[in-house]
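Worksheet for the structure shown next.
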Amino acid sequence: MVMGGSAIQLLAVTLVCLSISPGHLAHGAGLQDDPVSGDAVSYLDGSWTARHEAAGPSSGCDYLPNTDYNNGEVVHGSATANSPEQCCTLCGGKPGCVAGVYHRQHCWFKTASDITKPMSEPNRTACKVIRKPAMPAIELRNANVPGDLITDLEMAGHIGDPLYELNFKNATLWAYGVWNYTKSVSLTEEDVNRVKAYSETGSDMLLVFDGIKMGANIYLNGKLLGTANDQFLRYHFSLGQAMAAENGLLLDVGDNSLVVSFDESIDTGGRFMACTGGWDWAPYTTTFEASTGSATFTRGIWKSVYLVTINGGGAAIEHVVPQIFYTGEYPTEALQPQKHSDFKVDVIVKFYVPQASEGTLSVKGEWGASVKKQISLPAGSAVSQTVTLTATAENISLWWPAGLGKQPLYTISVSYAPSSTGQRNAVPVATERRVGFRYVALVTGNDTDPEYVKKAATSQTTGSMGMFFRVNGVPIFNRGANMIPMEELEGRFNVEAYARLVQSAVDGNMNMLRVWGGGIFLPNVWYDECDRLGIMVYHDMQYAQQGHSPKNTPTQDAELRHQVRRLSHHPSIAIWDGCNECRVKMGTPTGIYATFVMTVVAEEDKSRAIWPSCPAIGWTAGVHALDSLPSGNTLVTPDNGQTIETHGPYQHGGGFPSVNGANGPAPFPSNIPITVSQTTTGFAAQNVFASEFGCSVFSSFESMSPTLSPDHWGVHAGMKPDNCSGGFHSRCQGNNPMSERNYACDNIIEVYFGTDDKLDDVGEAIFKQQLYHCVLGQALEIKNNIETRRSKNEFGIIVWQFNEIWPTGGWGSIEYGTPRPGQVIGGRWKPLHHFYQQSIFTDVTVACGGDGLCYVKNDIAKPFSGSVLIKAVAFATAQVTDIHIESLSLSSGPGVTHWIQTNFSGVSGADQVIVAFITSALDNKVVCENVIPLTEPKNMKLLKSDAKVSVGKENADGSVDVHIDVEHVAMYVTVTTLAAGRFSSNCILVMPQGTTVQFLPFGTLDLSQLRSSIRVEDVSVYM
């Protein structure tokens, strides 16, 4: 901490109210990767011992802008640095250096004598090293694997919640020196003899690490097995090879000492989660990797560790990689059950083979196809064999995105049985993967034109008409959001939270999530749930800039191949792309994404569309133009072209000095009411795919308050603002915790609710008001944005972002979802997510501009019949006036728009609100209900609603009725609770007769917590 006193004492204070339970540790089958499969697999997960051997010489810097020391004298050396923080790290590791001076990627080292001669120099930053004495050794006897160091320190009571106040900025314990994680590995005499017989019989044991974050050396009985320096790469070590080597490994019957030694001096080259240590929605730390200048935070063995036994003459299965190809003609109509062409299933099996082996490879599909094949395997790793199966229409059902059909999954079982002749103790090894049958095409031309289809069938240049996906011949309107990691601290990973998050996407009418390239390749449970629920996945490789760009190295090559092999069986993954916002251009530094990154991906998975980056303008060579699947030829991108995919705009929060956003006033147009104009929509017209845009936002009081002292319950924390400067990621001098919560929300509050929120005040009541206005302001901004977009010809609307990584001024529609104090498992829905569900992400939607021009849009590949009703509701009298009613008969979408010119001339936005309904003729149910304001809430003449809420008993289906009573028309009525779950409707218009919604629990219902913590807000409460 920056404040005075012992760091350990200050951090420990928070333990009284912010403890965590063992149930929150990163364990569970859904968090484990599919293991290397051998004759036996023995997990070493669970309790390890972690010991801090020594602290480093420095703990950060004080940064002084526009400052140099002894300018013109460079007697202590210099180095290249990418940031002041990296300059600080370089100086801290150099004896005699007490300050670095950073300017334009130069870092000059200054001595104690130099800093006695300070001088003003524009655009230079002096980085004065803060040196502290070495910390005493610390031993954690119950460190967790999988997990991370910071979570282990908190669990052991050495620190408090690292996300509380400014604790994340104190790196004294976790960032410096060497941390050794140790485990006693018990081996039997048979185990040891098996390893000894490696050269003679080919028996072996593999020590496998599915994931290690940050640089570490791995030792067994004091023998260095190797170094891990890539968070996303699985490492395995042959104990047989290690024993057979000169001065080889010695193993004991009984206990053997396994040590993973984390050392900050090991260069990872940026191959760890890019948002570690800060992004504009993640906490900014004070520690950096010296080689790249990339921010760092925790470290640890974040995935499983296990031993794989391989008997003599056998082999282990490293990966099973099913690649599924549709064999029919390119479809522009829905494939029909039982009538479509076959699918070809190439099952690629990757083996680890200690010594050459012969045997039978058996592959069986759950749909009835099977093959047995006699094979000979040479010694080595990633030894490949391919078996082809056929899946006919009669034997399978198609996998569909959410809203279009079911998601049947089929098991592929793989086994290898070594031949008995000449083999000792050889037994079959087996594993399986789940797959789905679908044909996904990334379409960039007008494929409704037969001439284009004919020409594109032989072309390798993608089109410029637009960008959308077809699945099984059906065009898709993709709506969804960008998925960031759920956690900075891998030890907090929770299986149920990941599963619940995907369910919330489906319940919010989403059908696509993008895995953003500055995070992680996610745990298995997340992809499994996307498969099960029909969420399409747009998947970046894990490259972002800021020290996390690619290099064509054996390690990164292995990382890419491992992850594609690991994940390619998931039918939910629709597309691979190279990176986040890297604009791939041949002959420039970003050309490596085509020549290396996506080339490797295309070699490993020929069954999926590939894309240069997100966003991109396409390919000029290397893919099939019709569907963007790899052709096998060299990948080439154009220098320029038509914009078919966009990022932005972004509405940044501002108005208060913070690490992100504008310090001063940052007004923006409210876009209320929206402006729409009739335009041509459909696939035959130019279109676009928006894969990022957003508006920053805080979270609810329930989520934010547990990470702040009650003295700081206010959007300005009730204290002097920090002095923040430095651009997009500012460095803030001071101790204001809200300055470190990423974006402020002053401008968003003021645009929609005015300047009466007393933003400098603190306390529970005022903080609730401020946060209600903030989250509702974001919801209105994005709602208006999407309604405007849906009036146009956009076939992808993917919002930045989906979830939050901590309670902050982030961008998500779902709050921080780790089961910590105040949080809901998987994440509490913000108002925006309810808006997705109610109107803006419905298949058929309606919206209106201020001039009365309205549209109904059918964005699902089915005809729609029903009606639209548009009416005005008076705030003062609750009088309802019908404005327009009309029967609807819309052809199959997406992109089918029906325009309606109504008359709003008699409607006053201050006194009335427009409400539009779409009702289906199929079941007479309302499929879209849109509350359409004609002015900002600050201008509405609302009477005090006196809203009250009452909780009923548990219903037979597990839900609970919640009744909302109001005296007058109430706008944006929002119910909040600490209980884990969501409400069937929320942030709604409630008429004086009241309404009943249902509370839908996430897991086991806690009725007493629901009743004791439920509260209700609406706009009138705070007027």
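In the structure tokens, the first chain shown is A, the next is B, and so on; residue numbers restart at 1 for each chain, and ligands run from 1 in the order shown.
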Distance query Glu645 in chain A at most 6 Å, only C-alpha atoms, self and fewer than 6 positions along chain excluded, as a list in words: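 Listed by chain and then number, they are Pro615, Val688, Phe689 and Ala690 of chain A.
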Per residue of range 233-272 of chain A within 12 Å of range 343-358 of chain A, which atom pair is closest and at what distance in Å (one decimal), using only C-alpha atoms, listed by chain and increasing number, as JSON lines?
```
{"residue": "A:His236", "atom": "CA", "partner": "A:Tyr352", "partner_atom": "CA", "distance": 10.1}
{"residue": "A:Phe237", "atom": "CA", "partner": "A:Tyr352", "partner_atom": "CA", "distance": 11.0}
{"residue": "A:Ser238", "atom": "CA", "partner": "A:Pro354", "partner_atom": "CA", "distance": 8.4}
{"residue": "A:Leu239", "atom": "CA", "partner": "A:Pro354", "partner_atom": "CA", "distance": 10.5}
{"residue": "A:Gly240", "atom": "CA", "partner": "A:Pro354", "partner_atom": "CA", "distance": 8.3}
{"residue": "A:Gln241", "atom": "CA", "partner": "A:Pro354", "partner_atom": "CA", "distance": 8.6}
```
Please produce an output containing all heavy atoms for each residue in the selection, written as a CSV table (one decimal), in the first residue's frame.
```csv
chain,number,residue,atom,x,y,z
A,236,HIS,N,5.1,-31.5,-21.0
A,236,HIS,CA,5.3,-32.8,-20.4
A,236,HIS,C,6.7,-33.3,-20.5
A,236,HIS,O,7.5,-33.0,-21.5
A,236,HIS,CB,4.3,-33.8,-21.0
A,236,HIS,CG,4.5,-34.1,-22.5
A,236,HIS,ND1,5.6,-34.9,-23.0
A,236,HIS,CD2,3.8,-33.9,-23.5
A,236,HIS,CE1,5.5,-35.0,-24.3
A,236,HIS,NE2,4.4,-34.4,-24.7
A,237,PHE,N,7.2,-34.0,-19.5
A,237,PHE,CA,8.6,-34.4,-19.4
A,237,PHE,C,8.6,-35.9,-19.2
A,237,PHE,O,7.9,-36.5,-18.4
A,237,PHE,CB,9.2,-33.8,-18.2
A,237,PHE,CG,9.1,-32.3,-18.2
A,237,PHE,CD1,8.1,-31.6,-17.5
A,237,PHE,CD2,10.0,-31.5,-19.0
A,237,PHE,CE1,8.0,-30.2,-17.5
A,237,PHE,CE2,9.9,-30.1,-19.0
A,237,PHE,CZ,8.9,-29.5,-18.3
A,238,SER,N,9.4,-36.6,-20.1
A,238,SER,CA,9.6,-38.0,-20.0
A,238,SER,C,10.6,-38.3,-18.9
A,238,SER,O,11.8,-37.9,-18.9
A,238,SER,CB,10.1,-38.5,-21.3
A,238,SER,OG,10.7,-39.8,-21.2
A,239,LEU,N,10.1,-39.0,-17.8
A,239,LEU,CA,11.0,-39.4,-16.8
A,239,LEU,C,12.0,-40.5,-17.2
A,239,LEU,O,13.1,-40.5,-16.8
A,239,LEU,CB,10.2,-39.9,-15.6
A,239,LEU,CG,9.2,-38.9,-15.0
A,239,LEU,CD1,8.6,-39.5,-13.7
A,239,LEU,CD2,9.8,-37.5,-14.8
A,240,GLY,N,11.6,-41.3,-18.2
A,240,GLY,CA,12.5,-42.3,-18.8
A,240,GLY,C,13.7,-41.6,-19.5
A,240,GLY,O,14.8,-42.0,-19.3
A,241,GLN,N,13.4,-40.6,-20.3
A,241,GLN,CA,14.4,-39.9,-21.0
A,241,GLN,C,15.3,-39.2,-20.0
A,241,GLN,O,16.6,-39.2,-20.1
A,241,GLN,CB,13.8,-38.9,-22.0
A,241,GLN,CG,13.2,-39.5,-23.2
A,241,GLN,CD,12.6,-38.4,-24.1
A,241,GLN,OE1,13.1,-37.3,-24.1
A,241,GLN,NE2,11.6,-38.8,-24.9
```
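Between CA of Ser572 in chain A and CA of Ile396 in chain A the interatomic distance comes to 17.0 Å.
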Which residues are near Cys530 in chain A? Cut-off 9 Å, only C-alpha atoms, ignore same chain within fewer than 6 positions. Put them as a PyMOL selection string. chain A and resi 499+502-503+513+536-537+570-573
With distances taken over only C-alpha atoms, which of A:Trp899, A:Tyr439, A:Phe698, A:Tyr836 is nearest to Leu771 in chain A?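 Selected residue with least distance to Leu771 in chain A: A:Phe698.
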Please build the interface table for range 530-632 of chain A against range 211-219 of chain A with a cut-off of 12 Å, listing for each qualifying residue the nearest atom pair and the distance in Å to one decimal; count only C-alpha atoms, order rows by chain and increasing number, and write it as a tab-separated table.
```
residue	atom	partner	partner_atom	distance
A:Glu559	CA	A:Gly211	CA	11.0
A:His562	CA	A:Gly211	CA	11.6
A:Gln563	CA	A:Gly211	CA	11.5
```
As a check of understanding: the span from CA of Phe477 in chain A to CA of Ser613 in chain A is 20.3 Å
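One finds CA of Gln998 in chain A at 12.8 Å from CA of Ile1014 in chain A.
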Using DSSP secondary structure from the backbone, list all helix (DSSP H, G or I) positions within range 658-900 of chain A, as a ChimeraX atom specification. /A:701-707,710-712,737-740,746-753,764-790,831-840
May I have all residues of range 112-334 of chain A that DSSP, computed from the backbone, assigns to strand (DSSP E or B), given as a PyMOL selection string? chain A and resi 118-129+138-145+178-187+204-209+213+216-220+223-228+235-238+254-263+279+282+287-288+295-296+300+305-310+316-326
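Checking A:Leu934, A:Val751, A:Val601, A:Ile798 one by one against Pro673 in chain A, counting only C-alpha atoms, you find the shortest gap at A:Leu934.
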Can you tell me, as a PDB file with all heavy atoms, in the first residue's frame, what residues are no more than 6 Å from Leu989 in chain A when counting only C-alpha atoms, ignoring any on the same chain fewer than 5 positions away?
```pdb
ATOM      1  N   ALA A 970     -44.097   4.040 -12.885  1.00  0.00           N
ATOM      2  CA  ALA A 970     -42.693   3.992 -12.454  1.00  0.00           C
ATOM      3  C   ALA A 970     -41.825   3.538 -13.620  1.00  0.00           C
ATOM      4  O   ALA A 970     -42.112   2.528 -14.276  1.00  0.00           O
ATOM      5  CB  ALA A 970     -42.531   3.052 -11.275  1.00  0.00           C
ATOM      6  N   MET A 971     -40.775   4.303 -13.875  1.00  0.00           N
ATOM      7  CA  MET A 971     -39.869   4.003 -14.982  1.00  0.00           C
ATOM      8  C   MET A 971     -38.624   3.269 -14.500  1.00  0.00           C
ATOM      9  O   MET A 971     -38.034   3.614 -13.479  1.00  0.00           O
ATOM     10  CB  MET A 971     -39.449   5.304 -15.667  1.00  0.00           C
ATOM     11  CG  MET A 971     -40.545   5.946 -16.519  1.00  0.00           C
ATOM     12  SD  MET A 971     -40.907   4.985 -18.003  1.00  0.00           S
ATOM     13  CE  MET A 971     -39.391   5.186 -18.925  1.00  0.00           C
ATOM     14  N   TYR A 972     -38.246   2.245 -15.261  1.00  0.00           N
ATOM     15  CA  TYR A 972     -37.011   1.493 -15.049  1.00  0.00           C
ATOM     16  C   TYR A 972     -36.927   0.949 -13.621  1.00  0.00           C
ATOM     17  O   TYR A 972     -35.930   1.148 -12.913  1.00  0.00           O
ATOM     18  CB  TYR A 972     -35.793   2.328 -15.412  1.00  0.00           C
ATOM     19  CG  TYR A 972     -35.844   2.857 -16.825  1.00  0.00           C
ATOM     20  CD1 TYR A 972     -35.825   4.227 -17.085  1.00  0.00           C
ATOM     21  CD2 TYR A 972     -35.952   1.988 -17.907  1.00  0.00           C
ATOM     22  CE1 TYR A 972     -35.902   4.714 -18.392  1.00  0.00           C
ATOM     23  CE2 TYR A 972     -36.033   2.474 -19.222  1.00  0.00           C
ATOM     24  CZ  TYR A 972     -36.006   3.822 -19.449  1.00  0.00           C
ATOM     25  OH  TYR A 972     -36.092   4.299 -20.741  1.00  0.00           O
TER      26      TYR A 972
END
```
Show me, as a compact mmCIF listing (two decimals) with all heavy atoms, in the first residue's frame, the residues that have an atom within 9 Å of range 368-380 of chain A when counting only C-alpha atoms, minus same-chain residues fewer than 2 positions from it.
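Result file follows (out_7.txt):
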```txt
# COMPACT_ATOMS: atom_id res chain seq x y z
N ALA A 315 1.98 -46.63 -25.95
CA ALA A 315 2.01 -45.22 -26.33
C ALA A 315 0.94 -44.49 -25.53
O ALA A 315 0.01 -45.10 -25.00
CB ALA A 315 1.77 -45.05 -27.82
N PHE A 351 0.11 -39.06 -30.82
CA PHE A 351 0.66 -39.98 -29.82
C PHE A 351 2.00 -39.49 -29.28
O PHE A 351 2.77 -38.84 -29.99
CB PHE A 351 0.92 -41.35 -30.44
CG PHE A 351 -0.31 -42.12 -30.84
CD1 PHE A 351 -0.82 -42.03 -32.13
CD2 PHE A 351 -0.96 -42.95 -29.93
CE1 PHE A 351 -1.94 -42.74 -32.50
CE2 PHE A 351 -2.08 -43.67 -30.29
CZ PHE A 351 -2.58 -43.58 -31.59
N TYR A 352 2.24 -39.84 -28.02
CA TYR A 352 3.61 -39.84 -27.50
C TYR A 352 4.04 -41.30 -27.46
O TYR A 352 3.37 -42.14 -26.84
CB TYR A 352 3.71 -39.22 -26.11
CG TYR A 352 5.04 -39.53 -25.46
CD1 TYR A 352 6.21 -38.91 -25.88
CD2 TYR A 352 5.14 -40.48 -24.45
CE1 TYR A 352 7.44 -39.21 -25.32
CE2 TYR A 352 6.35 -40.79 -23.86
CZ TYR A 352 7.51 -40.16 -24.31
OH TYR A 352 8.72 -40.47 -23.75
N VAL A 353 5.18 -41.60 -28.11
CA VAL A 353 5.64 -42.99 -28.24
C VAL A 353 7.07 -43.08 -27.70
O VAL A 353 8.00 -42.54 -28.33
CB VAL A 353 5.60 -43.44 -29.72
CG1 VAL A 353 5.83 -44.94 -29.82
CG2 VAL A 353 4.28 -43.06 -30.37
N PRO A 354 7.28 -43.72 -26.54
CA PRO A 354 8.64 -43.80 -25.99
C PRO A 354 9.61 -44.55 -26.90
O PRO A 354 10.74 -44.11 -27.14
CB PRO A 354 8.43 -44.55 -24.67
CG PRO A 354 6.99 -44.37 -24.33
CD PRO A 354 6.28 -44.30 -25.64
N GLN A 355 9.17 -45.71 -27.40
CA GLN A 355 9.94 -46.49 -28.36
C GLN A 355 8.96 -46.95 -29.43
O GLN A 355 7.76 -47.01 -29.20
CB GLN A 355 10.60 -47.70 -27.69
CG GLN A 355 11.50 -47.37 -26.51
CD GLN A 355 12.77 -46.63 -26.93
OE1 GLN A 355 13.15 -46.64 -28.09
NE2 GLN A 355 13.42 -45.98 -25.97
N ALA A 356 9.46 -47.27 -30.61
CA ALA A 356 8.59 -47.65 -31.71
C ALA A 356 7.57 -48.70 -31.27
O ALA A 356 7.90 -49.62 -30.51
CB ALA A 356 9.41 -48.16 -32.88
N SER A 357 6.34 -48.54 -31.75
CA SER A 357 5.25 -49.39 -31.29
C SER A 357 4.36 -49.77 -32.47
O SER A 357 4.17 -48.98 -33.40
CB SER A 357 4.44 -48.66 -30.22
OG SER A 357 3.32 -49.41 -29.81
N GLU A 358 3.81 -50.98 -32.41
CA GLU A 358 2.83 -51.42 -33.38
C GLU A 358 1.57 -51.86 -32.66
O GLU A 358 1.64 -52.36 -31.54
CB GLU A 358 3.38 -52.58 -34.22
CG GLU A 358 4.56 -52.20 -35.09
CD GLU A 358 5.03 -53.37 -35.94
OE1 GLU A 358 4.50 -54.50 -35.73
OE2 GLU A 358 5.89 -53.17 -36.81
N GLY A 359 0.43 -51.65 -33.30
CA GLY A 359 -0.81 -52.04 -32.65
C GLY A 359 -2.02 -51.67 -33.47
O GLY A 359 -1.92 -51.33 -34.66
N THR A 360 -3.18 -51.70 -32.80
CA THR A 360 -4.45 -51.45 -33.45
C THR A 360 -5.05 -50.14 -32.93
O THR A 360 -5.25 -49.97 -31.72
CB THR A 360 -5.44 -52.59 -33.19
OG1 THR A 360 -4.87 -53.83 -33.64
CG2 THR A 360 -6.76 -52.34 -33.91
N LEU A 361 -5.33 -49.25 -33.86
CA LEU A 361 -6.02 -48.00 -33.55
C LEU A 361 -7.50 -48.19 -33.87
O LEU A 361 -7.85 -48.52 -35.01
CB LEU A 361 -5.44 -46.85 -34.36
CG LEU A 361 -6.15 -45.49 -34.24
CD1 LEU A 361 -6.11 -44.97 -32.82
CD2 LEU A 361 -5.53 -44.48 -35.20
N SER A 362 -8.35 -47.99 -32.87
CA SER A 362 -9.79 -48.14 -33.05
C SER A 362 -10.47 -46.80 -32.82
O SER A 362 -10.22 -46.14 -31.81
CB SER A 362 -10.36 -49.17 -32.07
OG SER A 362 -9.78 -50.44 -32.28
N VAL A 363 -11.31 -46.41 -33.75
CA VAL A 363 -12.06 -45.16 -33.65
C VAL A 363 -13.53 -45.48 -33.92
O VAL A 363 -13.86 -46.08 -34.94
CB VAL A 363 -11.55 -44.10 -34.65
CG1 VAL A 363 -12.35 -42.82 -34.52
CG2 VAL A 363 -10.06 -43.83 -34.43
N LYS A 364 -14.39 -45.05 -32.99
CA LYS A 364 -15.81 -45.35 -33.12
C LYS A 364 -16.63 -44.10 -32.86
O LYS A 364 -16.43 -43.39 -31.88
CB LYS A 364 -16.21 -46.44 -32.12
CG LYS A 364 -17.68 -46.84 -32.20
CD LYS A 364 -18.01 -47.96 -31.23
CE LYS A 364 -19.48 -48.36 -31.34
NZ LYS A 364 -19.83 -49.45 -30.41
N GLY A 365 -17.56 -43.81 -33.76
CA GLY A 365 -18.48 -42.71 -33.58
C GLY A 365 -19.78 -43.21 -32.98
O GLY A 365 -20.28 -44.28 -33.35
N GLU A 366 -20.34 -42.44 -32.07
CA GLU A 366 -21.57 -42.83 -31.40
C GLU A 366 -22.72 -43.03 -32.38
O GLU A 366 -23.69 -43.75 -32.09
CB GLU A 366 -21.93 -41.77 -30.36
CG GLU A 366 -23.09 -42.14 -29.45
CD GLU A 366 -23.41 -41.05 -28.45
OE1 GLU A 366 -22.62 -40.08 -28.33
OE2 GLU A 366 -24.45 -41.15 -27.76
N ALA A 382 3.88 -36.13 -30.57
CA ALA A 382 2.97 -35.65 -31.61
C ALA A 382 3.04 -36.51 -32.86
O ALA A 382 2.88 -36.03 -33.99
CB ALA A 382 3.23 -34.20 -31.94
N VAL A 383 3.24 -37.82 -32.67
CA VAL A 383 3.22 -38.76 -33.79
C VAL A 383 1.78 -38.90 -34.26
O VAL A 383 0.88 -39.20 -33.47
CB VAL A 383 3.79 -40.12 -33.37
CG1 VAL A 383 3.68 -41.13 -34.50
CG2 VAL A 383 5.24 -39.97 -32.91
N SER A 384 1.54 -38.67 -35.53
CA SER A 384 0.17 -38.48 -36.03
C SER A 384 -0.34 -39.68 -36.80
O SER A 384 0.39 -40.29 -37.61
CB SER A 384 0.12 -37.23 -36.91
OG SER A 384 -1.19 -36.93 -37.27
N GLN A 385 -1.61 -40.02 -36.56
CA GLN A 385 -2.35 -41.01 -37.35
C GLN A 385 -3.74 -40.44 -37.61
O GLN A 385 -4.33 -39.81 -36.73
CB GLN A 385 -2.47 -42.33 -36.61
CG GLN A 385 -1.18 -43.13 -36.53
CD GLN A 385 -0.84 -43.80 -37.85
OE1 GLN A 385 -1.73 -44.21 -38.60
NE2 GLN A 385 0.46 -43.92 -38.14
N VAL A 387 -7.70 -41.31 -39.06
CA VAL A 387 -8.74 -42.27 -39.43
C VAL A 387 -9.95 -41.47 -39.90
O VAL A 387 -10.31 -40.46 -39.28
CB VAL A 387 -9.12 -43.17 -38.24
CG1 VAL A 387 -10.36 -43.98 -38.55
CG2 VAL A 387 -7.96 -44.09 -37.88
N THR A 388 -10.58 -41.92 -40.98
CA THR A 388 -11.73 -41.21 -41.53
C THR A 388 -13.01 -42.02 -41.32
O THR A 388 -13.06 -43.20 -41.67
CB THR A 388 -11.54 -40.92 -43.02
OG1 THR A 388 -10.39 -40.08 -43.19
CG2 THR A 388 -12.75 -40.21 -43.60
N LEU A 389 -14.01 -41.34 -40.75
CA LEU A 389 -15.34 -41.91 -40.58
C LEU A 389 -16.32 -41.14 -41.45
O LEU A 389 -16.06 -40.00 -41.86
CB LEU A 389 -15.80 -41.83 -39.12
CG LEU A 389 -14.91 -42.44 -38.05
CD1 LEU A 389 -15.51 -42.20 -36.66
CD2 LEU A 389 -14.71 -43.93 -38.29
N THR A 390 -17.46 -41.74 -41.70
CA THR A 390 -18.54 -41.07 -42.43
C THR A 390 -19.77 -40.99 -41.54
O THR A 390 -20.09 -41.94 -40.82
CB THR A 390 -18.88 -41.83 -43.72
OG1 THR A 390 -17.72 -41.84 -44.57
CG2 THR A 390 -20.03 -41.16 -44.45
N ALA A 391 -20.42 -39.84 -41.57
CA ALA A 391 -21.68 -39.66 -40.85
C ALA A 391 -22.76 -39.33 -41.88
O ALA A 391 -22.69 -38.29 -42.54
CB ALA A 391 -21.56 -38.55 -39.81
N ASN A 395 -28.16 -41.07 -39.86
CA ASN A 395 -27.62 -41.49 -38.57
C ASN A 395 -27.32 -40.34 -37.61
O ASN A 395 -26.94 -40.59 -36.46
CB ASN A 395 -26.33 -42.30 -38.78
CG ASN A 395 -26.61 -43.62 -39.47
OD1 ASN A 395 -27.66 -44.22 -39.28
ND2 ASN A 395 -25.66 -44.05 -40.30
```
Quick one: contact table of range 172-228 of chain A to range 309-313 of chain A, 7 Å max, nearest atom pair and distance in Å to one decimal per residue, counting only C-alpha atoms, chain and number order, as a Markdown table?
```
| residue | atom | partner | partner_atom | distance |
| --- | --- | --- | --- | --- |
| A:Thr201 | CA | A:Gly312 | CA | 4.9 |
| A:Gly202 | CA | A:Gly312 | CA | 4.8 |
| A:Ser203 | CA | A:Gly312 | CA | 3.9 |
| A:Asp204 | CA | A:Ile310 | CA | 5.1 |
| A:Met205 | CA | A:Thr309 | CA | 4.7 |
| A:Leu206 | CA | A:Thr309 | CA | 6.7 |
```
Prev. selection, N, CA and C atoms, output as an mmCIF file, in the first residue's frame:
```
data_model
loop_
_atom_site.group_PDB
_atom_site.id
_atom_site.type_symbol
_atom_site.label_atom_id
_atom_site.label_comp_id
_atom_site.auth_asym_id
_atom_site.auth_seq_id
_atom_site.Cartn_x
_atom_site.Cartn_y
_atom_site.Cartn_z
ATOM 1 N N THR A 201 12.510 -51.422 -22.932
ATOM 2 C CA THR A 201 11.151 -51.874 -23.279
ATOM 3 C C THR A 201 10.245 -50.773 -23.824
ATOM 4 N N GLY A 202 10.643 -49.530 -23.663
ATOM 5 C CA GLY A 202 9.764 -48.441 -24.083
ATOM 6 C C GLY A 202 8.722 -48.082 -23.050
ATOM 7 N N SER A 203 8.851 -48.601 -21.840
ATOM 8 C CA SER A 203 7.951 -48.156 -20.777
ATOM 9 C C SER A 203 8.419 -46.791 -20.278
ATOM 10 N N ASP A 204 7.486 -46.011 -19.735
ATOM 11 C CA ASP A 204 7.839 -44.644 -19.366
ATOM 12 C C ASP A 204 6.792 -44.084 -18.410
ATOM 13 N N MET A 205 7.123 -42.956 -17.814
ATOM 14 C CA MET A 205 6.167 -42.129 -17.097
ATOM 15 C C MET A 205 6.365 -40.692 -17.568
ATOM 16 N N LEU A 206 5.243 -40.042 -17.849
ATOM 17 C CA LEU A 206 5.279 -38.630 -18.211
ATOM 18 C C LEU A 206 4.817 -37.801 -17.019
#
```
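Counting only C-alpha atoms, the residue from A:Ala143, A:Ala245, A:Val525, A:Leu44 that sits nearest to Val185 in chain A is A:Leu44.
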Given only C-alpha atoms as the counted atoms, nearest of A:Gln823, A:Ser839, A:Thr679, A:Ser1012 to Asn509 in chain A: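 Of all the options, A:Ser839 lies closest to Asn509 in chain A.
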Non-local contacts of Phe168 in chain A (9 Å; only C-alpha atoms; under 2 positions in same chain excluded) as a PyMOL selection string: chain A and resi 1+161-166+170-171+277+283-286+297
Give me the residues within 9 Å of Val949 in chain A as a PyMOL selection string, counting only C-alpha atoms and dropping any in the same chain fewer than 4 places off. chain A and resi 962-966+975+1014-1016
Taking only C-alpha atoms into account, which of A:His624, A:Lys551, A:Arg234, A:Lys871 comes nearest Tyr593 in chain A? A:Lys551
